[in-house]
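A.B. asks: What follows is a single structure, and I will ask about it in a moment.
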Amino acid sequence: MAQEKNDKKTEQNPDDMSIITEDELDSQFKYEILKEPGGENFLRCMQCGTCTASCPVKAIDPDYNCRRIIRRALIGDKEHVLNSKFIWMCSTCYSCYERCPQDVKITELMFALKNIAVKHGFIHPSIKAQVTLLEKFGALSEISEFENRMREKYGLPKIKQSPDRVKKVLEKENIKEIIEGDS
Ligand code: SF4
Ligand code: SF4
């Protein structure tokens with residue numbers, strides 16, 4: 001039922017603030033963010049919008065709006081923020097970080113929100129897919145023979161993929177269990 005509600009919320013227009021009702025808000029959410037590394041300056045946001053105006057992701061997807069993510073977090077719309085695909089779309093370019101007049105450190109805040117989301121079992125499917133690729137190839141893509149031939153042509157050494165080493169790291173850090181929600 002909760003998942004159904006979440007799915008419904010993420011389908012809603014993220015720009016539509018009128019859909020939030022008071023009983024859906026969590027007044028403790030801001031304290032959770034403040035405690036998470038990267039979230040320390042988040043209450044400084046004065047909603048000026050400089051971050052959104054600087055954001056290259058916004059230029060590609062007009063629905064992506066980092067100022068609005070912060071606004072939702074500030075008012076305690078926890079479920080929507082953590083279940084939203086938008087917190088995973090930040091490209092970590094640091095444009096907003098450099099320009100924010102309040103030193104909110106938005107890029108770090110996005111990391112904090114993602115970490116909190118994972119703790120609550122909200123993980124974007126793209127992250128799960130990346131873990132599967134890491135297990136398989138030891139990297140996010142397979143290096144083909146063609147790519148290695150091209151490297152040779154330019155005097156570069158061949159890349160030998162070693163998934164076993166990466167698998168060991170994934171196992172040691174319990175990454176599979178975390179993304180499957182078992183820990
Ligand atoms: S630039 Fe900084 S202060 Fe302005 S909306 Fe973004 S986070 Fe808030
Ligand atoms: S760091 Fe993320 S939110 Fe900030 S401008 Fe870059 S993509 Fe946008």
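To be explicit about the labels: the chains of the structure tokens are called A, B, and onward in the order shown, and within each one the residues are counted from 1, while ligands get numbers from 1 in the order they are shown.
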Enumerate as a VMD selection string the residues within 6 Å of ligand 1, counting only C-alpha atoms and all ligand atoms.

C.D. replies: chain A and resid 45 to 51 67 100 to 102 104 106

A.B. asks: Write out, as a PDB file, in the first residue's frame, the residues just selected, with C-alpha atoms.

C.D. replies:
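Wrote again23.pdb, looks like this:
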ATOM      1  CA  CYS A  45      18.533  27.832   1.472  1.00  0.00           C
ATOM      2  CA  MET A  46      16.568  31.022   0.743  1.00  0.00           C
ATOM      3  CA  GLN A  47      14.986  29.617  -2.433  1.00  0.00           C
ATOM      4  CA  CYS A  48      16.640  32.129  -4.772  1.00  0.00           C
ATOM      5  CA  GLY A  49      16.789  29.623  -7.644  1.00  0.00           C
ATOM      6  CA  THR A  50      20.410  30.300  -8.651  1.00  0.00           C
ATOM      7  CA  CYS A  51      21.118  26.568  -8.414  1.00  0.00           C
ATOM      8  CA  ARG A  67      15.597  24.292  -5.780  1.00  0.00           C
ATOM      9  CA  CYS A 100      24.869  29.271  -4.303  1.00  0.00           C
ATOM     10  CA  PRO A 101      24.939  32.558  -2.340  1.00  0.00           C
ATOM     11  CA  GLN A 102      24.111  30.705   0.882  1.00  0.00           C
ATOM     12  CA  VAL A 104      24.179  25.254   0.820  1.00  0.00           C
ATOM     13  CA  ILE A 106      23.865  21.390  -2.983  1.00  0.00           C
TER      14      ILE A 106
END

A.B. asks: Write as a PDB file with all heavy atoms, in the first residue's frame the residues around ligand 2, taking 9 Å as the cut-off and counting only C-alpha atoms and all ligand atoms.

C.D. replies:
ATOM      1  N   CYS A  51      20.685  27.947  -8.141  1.00  0.00           N
ATOM      2  CA  CYS A  51      21.118  26.568  -8.414  1.00  0.00           C
ATOM      3  C   CYS A  51      20.405  26.014  -9.651  1.00  0.00           C
ATOM      4  O   CYS A  51      21.040  25.467 -10.556  1.00  0.00           O
ATOM      5  CB  CYS A  51      20.876  25.672  -7.198  1.00  0.00           C
ATOM      6  SG  CYS A  51      19.242  25.824  -6.469  1.00  0.00           S
ATOM      7  N   THR A  52      19.099  26.181  -9.683  1.00  0.00           N
ATOM      8  CA  THR A  52      18.321  25.656 -10.812  1.00  0.00           C
ATOM      9  C   THR A  52      18.739  26.344 -12.115  1.00  0.00           C
ATOM     10  O   THR A  52      18.885  25.703 -13.150  1.00  0.00           O
ATOM     11  CB  THR A  52      16.812  25.855 -10.549  1.00  0.00           C
ATOM     12  OG1 THR A  52      16.493  25.196  -9.336  1.00  0.00           O
ATOM     13  CG2 THR A  52      15.960  25.279 -11.662  1.00  0.00           C
ATOM     14  N   ALA A  53      18.964  27.647 -12.040  1.00  0.00           N
ATOM     15  CA  ALA A  53      19.364  28.394 -13.234  1.00  0.00           C
ATOM     16  C   ALA A  53      20.740  27.961 -13.731  1.00  0.00           C
ATOM     17  O   ALA A  53      21.062  28.126 -14.907  1.00  0.00           O
ATOM     18  CB  ALA A  53      19.367  29.883 -12.925  1.00  0.00           C
ATOM     19  N   SER A  54      21.559  27.387 -12.856  1.00  0.00           N
ATOM     20  CA  SER A  54      22.919  26.964 -13.233  1.00  0.00           C
ATOM     21  C   SER A  54      22.991  25.509 -13.660  1.00  0.00           C
ATOM     22  O   SER A  54      24.039  25.050 -14.096  1.00  0.00           O
ATOM     23  CB  SER A  54      23.861  27.105 -12.024  1.00  0.00           C
ATOM     24  OG  SER A  54      23.695  28.315 -11.381  1.00  0.00           O
ATOM     25  N   CYS A  55      21.886  24.775 -13.489  1.00  0.00           N
ATOM     26  CA  CYS A  55      21.957  23.312 -13.580  1.00  0.00           C
ATOM     27  C   CYS A  55      21.868  22.783 -15.019  1.00  0.00           C
ATOM     28  O   CYS A  55      20.876  23.026 -15.714  1.00  0.00           O
ATOM     29  CB  CYS A  55      20.823  22.726 -12.743  1.00  0.00           C
ATOM     30  SG  CYS A  55      20.824  20.928 -12.743  1.00  0.00           S
ATOM     31  N   PRO A  56      22.869  22.033 -15.476  1.00  0.00           N
ATOM     32  CA  PRO A  56      22.819  21.498 -16.842  1.00  0.00           C
ATOM     33  C   PRO A  56      21.776  20.386 -17.017  1.00  0.00           C
ATOM     34  O   PRO A  56      21.287  20.161 -18.119  1.00  0.00           O
ATOM     35  CB  PRO A  56      24.235  20.948 -17.061  1.00  0.00           C
ATOM     36  CG  PRO A  56      24.766  20.668 -15.699  1.00  0.00           C
ATOM     37  CD  PRO A  56      24.122  21.664 -14.787  1.00  0.00           C
ATOM     38  N   VAL A  57      21.434  19.709 -15.911  1.00  0.00           N
ATOM     39  CA  VAL A  57      20.413  18.649 -16.016  1.00  0.00           C
ATOM     40  C   VAL A  57      19.046  19.292 -16.307  1.00  0.00           C
ATOM     41  O   VAL A  57      18.255  18.778 -17.092  1.00  0.00           O
ATOM     42  CB  VAL A  57      20.374  17.782 -14.740  1.00  0.00           C
ATOM     43  CG1 VAL A  57      19.261  16.752 -14.802  1.00  0.00           C
ATOM     44  CG2 VAL A  57      21.720  17.092 -14.531  1.00  0.00           C
ATOM     45  N   LYS A  58      18.801  20.422 -15.669  1.00  0.00           N
ATOM     46  CA  LYS A  58      17.551  21.163 -15.904  1.00  0.00           C
ATOM     47  C   LYS A  58      17.410  21.530 -17.391  1.00  0.00           C
ATOM     48  O   LYS A  58      16.313  21.535 -17.940  1.00  0.00           O
ATOM     49  CB  LYS A  58      17.550  22.432 -15.037  1.00  0.00           C
ATOM     50  CG  LYS A  58      16.475  23.431 -15.327  1.00  0.00           C
ATOM     51  CD  LYS A  58      15.183  23.062 -14.645  1.00  0.00           C
ATOM     52  CE  LYS A  58      14.118  24.128 -14.858  1.00  0.00           C
ATOM     53  NZ  LYS A  58      12.798  23.639 -14.450  1.00  0.00           N
ATOM     54  N   TYR A  64      13.422  18.628 -13.915  1.00  0.00           N
ATOM     55  CA  TYR A  64      14.440  18.555 -12.852  1.00  0.00           C
ATOM     56  C   TYR A  64      14.655  19.956 -12.285  1.00  0.00           C
ATOM     57  O   TYR A  64      14.958  20.892 -13.027  1.00  0.00           O
ATOM     58  CB  TYR A  64      15.762  18.002 -13.401  1.00  0.00           C
ATOM     59  CG  TYR A  64      16.825  17.872 -12.334  1.00  0.00           C
ATOM     60  CD1 TYR A  64      16.838  16.774 -11.488  1.00  0.00           C
ATOM     61  CD2 TYR A  64      17.790  18.857 -12.150  1.00  0.00           C
ATOM     62  CE1 TYR A  64      17.795  16.653 -10.486  1.00  0.00           C
ATOM     63  CE2 TYR A  64      18.749  18.749 -11.156  1.00  0.00           C
ATOM     64  CZ  TYR A  64      18.744  17.641 -10.335  1.00  0.00           C
ATOM     65  OH  TYR A  64      19.686  17.521  -9.343  1.00  0.00           O
ATOM     66  N   ASN A  65      14.505  20.076 -10.984  1.00  0.00           N
ATOM     67  CA  ASN A  65      14.619  21.407 -10.379  1.00  0.00           C
ATOM     68  C   ASN A  65      15.188  21.251  -8.969  1.00  0.00           C
ATOM     69  O   ASN A  65      14.477  20.863  -8.033  1.00  0.00           O
ATOM     70  CB  ASN A  65      13.216  22.045 -10.336  1.00  0.00           C
ATOM     71  CG  ASN A  65      13.253  23.473  -9.877  1.00  0.00           C
ATOM     72  OD1 ASN A  65      14.071  23.855  -9.040  1.00  0.00           O
ATOM     73  ND2 ASN A  65      12.356  24.293 -10.414  1.00  0.00           N
ATOM     74  N   CYS A  66      16.487  21.503  -8.838  1.00  0.00           N
ATOM     75  CA  CYS A  66      17.122  21.258  -7.530  1.00  0.00           C
ATOM     76  C   CYS A  66      16.565  22.181  -6.441  1.00  0.00           C
ATOM     77  O   CYS A  66      16.437  21.777  -5.286  1.00  0.00           O
ATOM     78  CB  CYS A  66      18.638  21.327  -7.623  1.00  0.00           C
ATOM     79  SG  CYS A  66      19.284  22.648  -8.633  1.00  0.00           S
ATOM     80  N   ARG A  67      16.193  23.398  -6.797  1.00  0.00           N
ATOM     81  CA  ARG A  67      15.597  24.292  -5.780  1.00  0.00           C
ATOM     82  C   ARG A  67      14.321  23.665  -5.218  1.00  0.00           C
ATOM     83  O   ARG A  67      14.075  23.691  -4.017  1.00  0.00           O
ATOM     84  CB  ARG A  67      15.274  25.666  -6.391  1.00  0.00           C
ATOM     85  CG  ARG A  67      14.646  26.632  -5.380  1.00  0.00           C
ATOM     86  CD  ARG A  67      14.021  27.847  -6.038  1.00  0.00           C
ATOM     87  NE  ARG A  67      12.922  27.519  -6.928  1.00  0.00           N
ATOM     88  CZ  ARG A  67      11.689  27.204  -6.530  1.00  0.00           C
ATOM     89  NH1 ARG A  67      11.397  27.171  -5.253  1.00  0.00           N
ATOM     90  NH2 ARG A  67      10.749  26.923  -7.414  1.00  0.00           N
ATOM     91  N   ILE A  87      16.482  12.980  -7.267  1.00  0.00           N
ATOM     92  CA  ILE A  87      17.711  13.065  -6.457  1.00  0.00           C
ATOM     93  C   ILE A  87      18.843  12.231  -7.083  1.00  0.00           C
ATOM     94  O   ILE A  87      20.003  12.449  -6.787  1.00  0.00           O
ATOM     95  CB  ILE A  87      17.497  12.667  -4.970  1.00  0.00           C
ATOM     96  CG1 ILE A  87      16.939  11.256  -4.840  1.00  0.00           C
ATOM     97  CG2 ILE A  87      16.621  13.672  -4.259  1.00  0.00           C
ATOM     98  CD1 ILE A  87      16.856  10.769  -3.383  1.00  0.00           C
ATOM     99  N   MET A  89      19.336  12.109 -10.337  1.00  0.00           N
ATOM    100  CA  MET A  89      19.685  12.673 -11.649  1.00  0.00           C
ATOM    101  C   MET A  89      20.789  13.718 -11.598  1.00  0.00           C
ATOM    102  O   MET A  89      21.286  14.155 -12.635  1.00  0.00           O
ATOM    103  CB  MET A  89      18.426  13.276 -12.299  1.00  0.00           C
ATOM    104  CG  MET A  89      17.481  12.205 -12.833  1.00  0.00           C
ATOM    105  SD  MET A  89      15.868  12.851 -13.296  1.00  0.00           S
ATOM    106  CE  MET A  89      16.290  13.954 -14.621  1.00  0.00           C
ATOM    107  N   CYS A  90      21.165  14.148 -10.413  1.00  0.00           N
ATOM    108  CA  CYS A  90      22.232  15.151 -10.291  1.00  0.00           C
ATOM    109  C   CYS A  90      23.521  14.590 -10.905  1.00  0.00           C
ATOM    110  O   CYS A  90      23.923  13.473 -10.602  1.00  0.00           O
ATOM    111  CB  CYS A  90      22.443  15.482  -8.819  1.00  0.00           C
ATOM    112  SG  CYS A  90      23.922  16.468  -8.528  1.00  0.00           S
ATOM    113  N   SER A  91      24.138  15.365 -11.779  1.00  0.00           N
ATOM    114  CA  SER A  91      25.338  14.878 -12.472  1.00  0.00           C
ATOM    115  C   SER A  91      26.625  15.222 -11.718  1.00  0.00           C
ATOM    116  O   SER A  91      27.715  14.998 -12.223  1.00  0.00           O
ATOM    117  CB  SER A  91      25.396  15.457 -13.886  1.00  0.00           C
ATOM    118  OG  SER A  91      25.660  16.840 -13.793  1.00  0.00           O
ATOM    119  N   THR A  92      26.482  15.801 -10.532  1.00  0.00           N
ATOM    120  CA  THR A  92      27.635  16.143  -9.682  1.00  0.00           C
ATOM    121  C   THR A  92      28.578  17.124 -10.385  1.00  0.00           C
ATOM    122  O   THR A  92      29.804  17.029 -10.238  1.00  0.00           O
ATOM    123  CB  THR A  92      28.433  14.864  -9.278  1.00  0.00           C
ATOM    124  OG1 THR A  92      27.595  13.744  -9.366  1.00  0.00           O
ATOM    125  CG2 THR A  92      28.967  14.971  -7.887  1.00  0.00           C
ATOM    126  N   CYS A  93      27.995  18.057 -11.118  1.00  0.00           N
ATOM    127  CA  CYS A  93      28.851  18.981 -11.874  1.00  0.00           C
ATOM    128  C   CYS A  93      29.385  20.137 -11.012  1.00  0.00           C
ATOM    129  O   CYS A  93      30.297  20.842 -11.391  1.00  0.00           O
ATOM    130  CB  CYS A  93      28.091  19.544 -13.064  1.00  0.00           C
ATOM    131  SG  CYS A  93      26.823  20.741 -12.601  1.00  0.00           S
ATOM    132  N   TYR A  94      28.761  20.372  -9.879  1.00  0.00           N
ATOM    133  CA  TYR A  94      29.181  21.409  -8.916  1.00  0.00           C
ATOM    134  C   TYR A  94      28.894  22.846  -9.371  1.00  0.00           C
ATOM    135  O   TYR A  94      29.371  23.782  -8.742  1.00  0.00           O
ATOM    136  CB  TYR A  94      30.663  21.250  -8.517  1.00  0.00           C
ATOM    137  CG  TYR A  94      30.894  20.152  -7.503  1.00  0.00           C
ATOM    138  CD1 TYR A  94      31.062  18.838  -7.900  1.00  0.00           C
ATOM    139  CD2 TYR A  94      30.932  20.438  -6.130  1.00  0.00           C
ATOM    140  CE1 TYR A  94      31.261  17.811  -6.968  1.00  0.00           C
ATOM    141  CE2 TYR A  94      31.137  19.419  -5.195  1.00  0.00           C
ATOM    142  CZ  TYR A  94      31.305  18.109  -5.623  1.00  0.00           C
ATOM    143  OH  TYR A  94      31.500  17.116  -4.702  1.00  0.00           O
ATOM    144  N   SER A  95      28.148  23.047 -10.455  1.00  0.00           N
ATOM    145  CA  SER A  95      27.813  24.429 -10.870  1.00  0.00           C
ATOM    146  C   SER A  95      27.032  25.141  -9.776  1.00  0.00           C
ATOM    147  O   SER A  95      27.308  26.294  -9.433  1.00  0.00           O
ATOM    148  CB  SER A  95      26.961  24.428 -12.139  1.00  0.00           C
ATOM    149  OG  SER A  95      27.646  23.848 -13.181  1.00  0.00           O
ATOM    150  N   CYS A  96      26.023  24.442  -9.247  1.00  0.00           N
ATOM    151  CA  CYS A  96      25.190  25.060  -8.203  1.00  0.00           C
ATOM    152  C   CYS A  96      26.012  25.299  -6.939  1.00  0.00           C
ATOM    153  O   CYS A  96      25.862  26.319  -6.269  1.00  0.00           O
ATOM    154  CB  CYS A  96      24.000  24.143  -7.899  1.00  0.00           C
ATOM    155  SG  CYS A  96      24.490  22.465  -7.440  1.00  0.00           S
ATOM    156  N   TYR A  97      26.865  24.359  -6.655  1.00  0.00           N
ATOM    157  CA  TYR A  97      27.713  24.434  -5.453  1.00  0.00           C
ATOM    158  C   TYR A  97      28.550  25.711  -5.476  1.00  0.00           C
ATOM    159  O   TYR A  97      28.672  26.426  -4.494  1.00  0.00           O
ATOM    160  CB  TYR A  97      28.604  23.192  -5.455  1.00  0.00           C
ATOM    161  CG  TYR A  97      29.461  22.947  -4.234  1.00  0.00           C
ATOM    162  CD1 TYR A  97      29.111  21.961  -3.323  1.00  0.00           C
ATOM    163  CD2 TYR A  97      30.633  23.663  -4.022  1.00  0.00           C
ATOM    164  CE1 TYR A  97      29.905  21.694  -2.214  1.00  0.00           C
ATOM    165  CE2 TYR A  97      31.429  23.410  -2.915  1.00  0.00           C
ATOM    166  CZ  TYR A  97      31.064  22.419  -2.021  1.00  0.00           C
ATOM    167  OH  TYR A  97      31.852  22.167  -0.941  1.00  0.00           O
ATOM    168  N   GLU A  98      29.112  25.999  -6.654  1.00  0.00           N
ATOM    169  CA  GLU A  98      29.970  27.180  -6.813  1.00  0.00           C
ATOM    170  C   GLU A  98      29.185  28.475  -6.699  1.00  0.00           C
ATOM    171  O   GLU A  98      29.707  29.490  -6.240  1.00  0.00           O
ATOM    172  CB  GLU A  98      30.651  27.164  -8.188  1.00  0.00           C
ATOM    173  CG  GLU A  98      31.603  25.999  -8.425  1.00  0.00           C
ATOM    174  CD  GLU A  98      32.882  26.124  -7.615  1.00  0.00           C
ATOM    175  OE1 GLU A  98      33.200  27.238  -7.195  1.00  0.00           O
ATOM    176  OE2 GLU A  98      33.534  25.081  -7.389  1.00  0.00           O
ATOM    177  N   LYS A 105      25.893  24.040  -0.430  1.00  0.00           N
ATOM    178  CA  LYS A 105      26.657  22.871  -0.882  1.00  0.00           C
ATOM    179  C   LYS A 105      25.695  21.812  -1.442  1.00  0.00           C
ATOM    180  O   LYS A 105      25.636  20.673  -0.965  1.00  0.00           O
ATOM    181  CB  LYS A 105      27.509  22.294   0.256  1.00  0.00           C
ATOM    182  CG  LYS A 105      28.511  23.266   0.847  1.00  0.00           C
ATOM    183  CD  LYS A 105      29.460  22.568   1.804  1.00  0.00           C
ATOM    184  CE  LYS A 105      30.293  23.509   2.622  1.00  0.00           C
ATOM    185  NZ  LYS A 105      31.155  24.425   1.896  1.00  0.00           N
ATOM    186  N   ILE A 106      24.958  22.220  -2.461  1.00  0.00           N
ATOM    187  CA  ILE A 106      23.865  21.390  -2.983  1.00  0.00           C
ATOM    188  C   ILE A 106      24.336  20.025  -3.485  1.00  0.00           C
ATOM    189  O   ILE A 106      23.657  19.015  -3.285  1.00  0.00           O
ATOM    190  CB  ILE A 106      23.104  22.127  -4.114  1.00  0.00           C
ATOM    191  CG1 ILE A 106      22.640  23.474  -3.604  1.00  0.00           C
ATOM    192  CG2 ILE A 106      21.900  21.328  -4.595  1.00  0.00           C
ATOM    193  CD1 ILE A 106      22.932  24.598  -4.526  1.00  0.00           C
ATOM    194  N   THR A 107      25.490  19.997  -4.138  1.00  0.00           N
ATOM    195  CA  THR A 107      25.967  18.707  -4.658  1.00  0.00           C
ATOM    196  C   THR A 107      26.123  17.710  -3.510  1.00  0.00           C
ATOM    197  O   THR A 107      25.731  16.544  -3.625  1.00  0.00           O
ATOM    198  CB  THR A 107      27.314  18.901  -5.385  1.00  0.00           C
ATOM    199  OG1 THR A 107      27.251  20.107  -6.145  1.00  0.00           O
ATOM    200  CG2 THR A 107      27.623  17.741  -6.293  1.00  0.00           C
ATOM    201  N   GLU A 108      26.683  18.204  -2.408  1.00  0.00           N
ATOM    202  CA  GLU A 108      26.848  17.325  -1.239  1.00  0.00           C
ATOM    203  C   GLU A 108      25.481  16.979  -0.640  1.00  0.00           C
ATOM    204  O   GLU A 108      25.275  15.875  -0.135  1.00  0.00           O
ATOM    205  CB  GLU A 108      27.705  18.022  -0.164  1.00  0.00           C
ATOM    206  CG  GLU A 108      29.024  18.601  -0.664  1.00  0.00           C
ATOM    207  CD  GLU A 108      30.003  17.543  -1.117  1.00  0.00           C
ATOM    208  OE1 GLU A 108      29.931  16.429  -0.590  1.00  0.00           O
ATOM    209  OE2 GLU A 108      30.829  17.838  -2.007  1.00  0.00           O
ATOM    210  N   MET A 110      22.773  16.550  -2.286  1.00  0.00           N
ATOM    211  CA  MET A 110      22.188  15.476  -3.115  1.00  0.00           C
ATOM    212  C   MET A 110      22.752  14.118  -2.686  1.00  0.00           C
ATOM    213  O   MET A 110      22.032  13.124  -2.640  1.00  0.00           O
ATOM    214  CB  MET A 110      22.466  15.734  -4.603  1.00  0.00           C
ATOM    215  CG  MET A 110      21.712  16.897  -5.172  1.00  0.00           C
ATOM    216  SD  MET A 110      19.925  16.660  -5.064  1.00  0.00           S
ATOM    217  CE  MET A 110      19.376  18.284  -5.548  1.00  0.00           C
TER     218      MET A 110
END

A.B. asks: Which of chain A counts as alpha helix (DSSP H) under DSSP, as a ChimeraX atom specification please?

C.D. replies: /A:2-11,29-35,50-54,56-60,66-75,78-83,95-99,106-119,125-137,145-153,163-172,175-179

A.B. asks: I'd like the neighbourhood of Asp26 of chain A as a list in words, where a residue qualifies if any of its atoms comes within 8 Å (using only C-alpha atoms), though same-chain residues fewer than 6 positions away should be ignored.

C.D. replies: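 After dropping sequence-adjacent residues, the list is Ile75, Gly76, Asp77 and Lys78 of chain A.
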
A.B. asks: Which value, in Å to one decimal, gives the distance between atom CA of Lys114 of chain A and atom CA of Glu142 of chain A?

C.D. replies: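 Rounded to one decimal, the two atoms are 26.5 Å apart.
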
A.B. asks: Figure out the distance between atom CA of Ala117 of chain A and atom CA of Glu79 of chain A, please, to one decimal in Å.

C.D. replies: 9.1 Å

A.B. asks: Env of Leu113 of chain A: 10 Å cut, atoms = only C-alpha atoms, seq-sep filter 4 positions within chain, self excluded. Answer as a ChimeraX atom specification.

C.D. replies: /A:32-33,36-39,69-70,73,78,81-82,87-88,108-109,117-119

A.B. asks: What gap, in Å, lies between atom CA of Lys85 of chain A and atom CA of Pro125 of chain A?

C.D. replies: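 One can read the atom CA of Lys85 of chain A to atom CA of Pro125 of chain A distance as 9.3 Å.
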
A.B. asks: Could you list, as JSON, numbers by chain, every residue within 12 Å of Ser162 of chain A, counting only C-alpha atoms and ignoring same-chain residues fewer than 6 positions away?

C.D. replies: {"A": [134, 135, 136, 137, 138, 139, 142, 143, 168, 169]}

A.B. asks: Which residues come within 12 Å of Leu133 of chain A, counting only C-alpha atoms, excluding same-chain residues fewer than 6 positions away, as an mmCIF file with N, CA, C and O atoms, in the first residue's frame?

C.D. replies:
data_model
loop_
_atom_site.group_PDB
_atom_site.id
_atom_site.type_symbol
_atom_site.label_atom_id
_atom_site.label_comp_id
_atom_site.auth_asym_id
_atom_site.auth_seq_id
_atom_site.Cartn_x
_atom_site.Cartn_y
_atom_site.Cartn_z
ATOM 1 N N SER A 126 18.223 2.381 -11.662
ATOM 2 C CA SER A 126 19.472 2.539 -12.427
ATOM 3 C C SER A 126 20.685 2.164 -11.559
ATOM 4 O O SER A 126 21.697 1.676 -12.073
ATOM 5 N N ILE A 127 20.585 2.380 -10.257
ATOM 6 C CA ILE A 127 21.701 2.034 -9.368
ATOM 7 C C ILE A 127 21.814 0.512 -9.259
ATOM 8 O O ILE A 127 22.904 -0.056 -9.296
ATOM 9 N N ALA A 139 33.162 -3.226 -14.123
ATOM 10 C CA ALA A 139 33.100 -1.844 -14.607
ATOM 11 C C ALA A 139 31.662 -1.603 -15.071
ATOM 12 O O ALA A 139 30.857 -2.538 -15.100
ATOM 13 N N LEU A 140 31.373 -0.356 -15.444
ATOM 14 C CA LEU A 140 29.996 -0.073 -15.853
ATOM 15 C C LEU A 140 29.714 -0.430 -17.313
ATOM 16 O O LEU A 140 28.604 -0.282 -17.793
ATOM 17 N N SER A 141 30.744 -0.901 -18.011
ATOM 18 C CA SER A 141 30.510 -1.390 -19.370
ATOM 19 C C SER A 141 31.556 -2.433 -19.714
ATOM 20 O O SER A 141 32.619 -2.495 -19.088
ATOM 21 N N GLU A 142 31.221 -3.231 -20.718
ATOM 22 C CA GLU A 142 32.162 -4.267 -21.145
ATOM 23 C C GLU A 142 33.150 -3.668 -22.148
ATOM 24 O O GLU A 142 32.756 -2.917 -23.038
ATOM 25 N N ILE A 143 34.413 -3.977 -21.951
ATOM 26 C CA ILE A 143 35.407 -3.529 -22.932
ATOM 27 C C ILE A 143 35.493 -4.609 -24.008
ATOM 28 O O ILE A 143 35.844 -5.763 -23.723
ATOM 29 N N GLN A 161 39.542 -6.694 -18.025
ATOM 30 C CA GLN A 161 38.547 -6.470 -16.973
ATOM 31 C C GLN A 161 38.677 -7.540 -15.890
ATOM 32 O O GLN A 161 38.943 -8.710 -16.188
ATOM 33 N N PRO A 163 36.387 -8.596 -12.971
ATOM 34 C CA PRO A 163 35.198 -8.531 -12.121
ATOM 35 C C PRO A 163 35.384 -9.169 -10.748
ATOM 36 O O PRO A 163 34.725 -8.758 -9.796
ATOM 37 N N VAL A 166 36.316 -6.628 -8.095
ATOM 38 C CA VAL A 166 35.182 -5.739 -7.794
ATOM 39 C C VAL A 166 34.106 -6.499 -7.008
ATOM 40 O O VAL A 166 33.517 -5.975 -6.064
ATOM 41 N N LYS A 167 33.890 -7.753 -7.403
ATOM 42 C CA LYS A 167 32.907 -8.589 -6.696
ATOM 43 C C LYS A 167 33.248 -8.694 -5.219
ATOM 44 O O LYS A 167 32.369 -8.635 -4.355
ATOM 45 N N LEU A 170 32.242 -5.572 -3.510
ATOM 46 C CA LEU A 170 30.780 -5.514 -3.375
ATOM 47 C C LEU A 170 30.312 -6.419 -2.235
ATOM 48 O O LEU A 170 29.425 -6.057 -1.462
#
